[in-house]
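Note sheet for the following structure.
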Amino acid sequence: MKFIYLVLPILLIACSPIFSEMDCSENIYEKLNSENGLVTLNLTKRDCGATTAVVKNVYAQKKSVSSNQSLGDKIYSIQGEDHFSILITSDSIIINSPKNAPNVFLSLDHWEDMKILYK
């Protein structure tokens, strides 16, 4: 019974709104357009405060989709302030950053009909 009295307050605090993602901000720091103008890449920086690391995300979006609806589909996500460059052509996305590393959360090989390459 003592266990419940000790664990219950910890669970209530851990599940409280102060630990929610409402305190996170995700801001676009760069937009890139494909050569044919049909695809936009939104590069964002997600910051949830001093106790967590910054996460950089790359979203791909077709031009026909309203930019007010969403950032697009997430295709790459890396933790930290590391700089990486991206080149987008009409049929591929080339990301100058590792595909597999401990700080890489997501690295797709393709999106829609575009190849995603890593260097």
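Lettering and numbering for the structure tokens are positional, with chains as A, B, ... in the shown order, residues counted from 1 in each chain, and ligands counted from 1 in the shown order.
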Hey, what's within 7 Å of A:Ile86 if we count only C-alpha atoms and toss same-chain stuff fewer than 6 positions away? As a CSV table (one decimal) with C-alpha atoms, in the first residue's frame, please?
```
chain,number,residue,atom,x,y,z
A,94,ILE,CA,19.9,15.1,-51.7
A,95,ILE,CA,20.6,15.6,-48.0
A,96,ASN,CA,24.2,16.3,-47.0
```
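Using only C-alpha atoms, the residues found no farther than 8 Å from A:Lys56, other than those of its own chain fewer than 5 positions away, are Leu43, Thr44, Lys45, Arg46, Ser77, Ile78, Gln79, Gly80 and Glu81 of chain A.
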Restricted to N, CA and C atoms, what would the selected residues look like written as a tab-separated table (two decimals), in the first residue's frame?
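The resulting file, part07.tsv, is reproduced below:
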```
chain	number	residue	atom	x	y	z
A	43	LEU	N	12.33	23.51	-43.94
A	43	LEU	CA	13.31	23.12	-42.93
A	43	LEU	C	12.94	23.85	-41.65
A	44	THR	N	12.73	23.07	-40.59
A	44	THR	CA	12.28	23.66	-39.33
A	44	THR	C	13.24	23.33	-38.20
A	45	LYS	N	13.13	24.14	-37.17
A	45	LYS	CA	13.87	23.90	-35.94
A	45	LYS	C	12.83	23.80	-34.83
A	46	ARG	N	12.80	22.66	-34.16
A	46	ARG	CA	11.84	22.42	-33.07
A	46	ARG	C	12.57	22.55	-31.75
A	77	SER	N	14.68	13.89	-39.86
A	77	SER	CA	14.68	14.50	-38.53
A	77	SER	C	15.99	14.17	-37.83
A	78	ILE	N	16.67	15.21	-37.34
A	78	ILE	CA	17.95	15.03	-36.67
A	78	ILE	C	18.01	15.91	-35.43
A	79	GLN	N	18.54	15.36	-34.36
A	79	GLN	CA	18.65	16.11	-33.11
A	79	GLN	C	19.98	16.86	-33.08
A	80	GLY	N	19.94	18.10	-32.61
A	80	GLY	CA	21.15	18.89	-32.45
A	80	GLY	C	21.20	20.09	-33.38
A	81	GLU	N	22.22	20.87	-33.21
A	81	GLU	CA	22.38	22.11	-33.98
A	81	GLU	C	23.26	21.93	-35.21
```
message: Restricting the calculation to only C-alpha atoms: of A:Leu38, A:Ile75, A:Leu117, A:Cys24, which residue gets closest to A:Thr52?
response: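 Nearest to A:Thr52: A:Cys24.
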task: Please measure the separation of atom CA of A:Leu71 and atom CA of A:Ala50, giving the value in Å to one decimal.
output: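 Pair atom CA of A:Leu71 / atom CA of A:Ala50 returns 24.3 Å.
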Fewer than 4 positions away in the same chain doesn't count, so skip those; otherwise give me all residues within 6 Å of A:Gly72, counting only C-alpha atoms, as a compact mmCIF listing (two decimals) with N, CA, C and O atoms, in the first residue's frame.
```txt
# COMPACT_ATOMS: atom_id res chain seq x y z
N TYR A 59 10.49 18.83 -44.06
CA TYR A 59 9.17 18.45 -44.53
C TYR A 59 9.10 18.69 -46.03
O TYR A 59 9.59 19.70 -46.52
N ALA A 60 8.45 17.77 -46.75
CA ALA A 60 8.24 17.92 -48.19
C ALA A 60 6.76 18.16 -48.43
O ALA A 60 5.90 17.53 -47.82
N GLN A 61 6.50 19.08 -49.35
CA GLN A 61 5.11 19.46 -49.62
C GLN A 61 4.93 19.78 -51.09
O GLN A 61 5.76 20.49 -51.67
```
- request: One decimal, Å: what's the distance from atom CA of A:Ser107 over to atom CA of A:Lys62, could you say?
  value: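 One can read the atom CA of A:Ser107 to atom CA of A:Lys62 distance as 18.8 Å.
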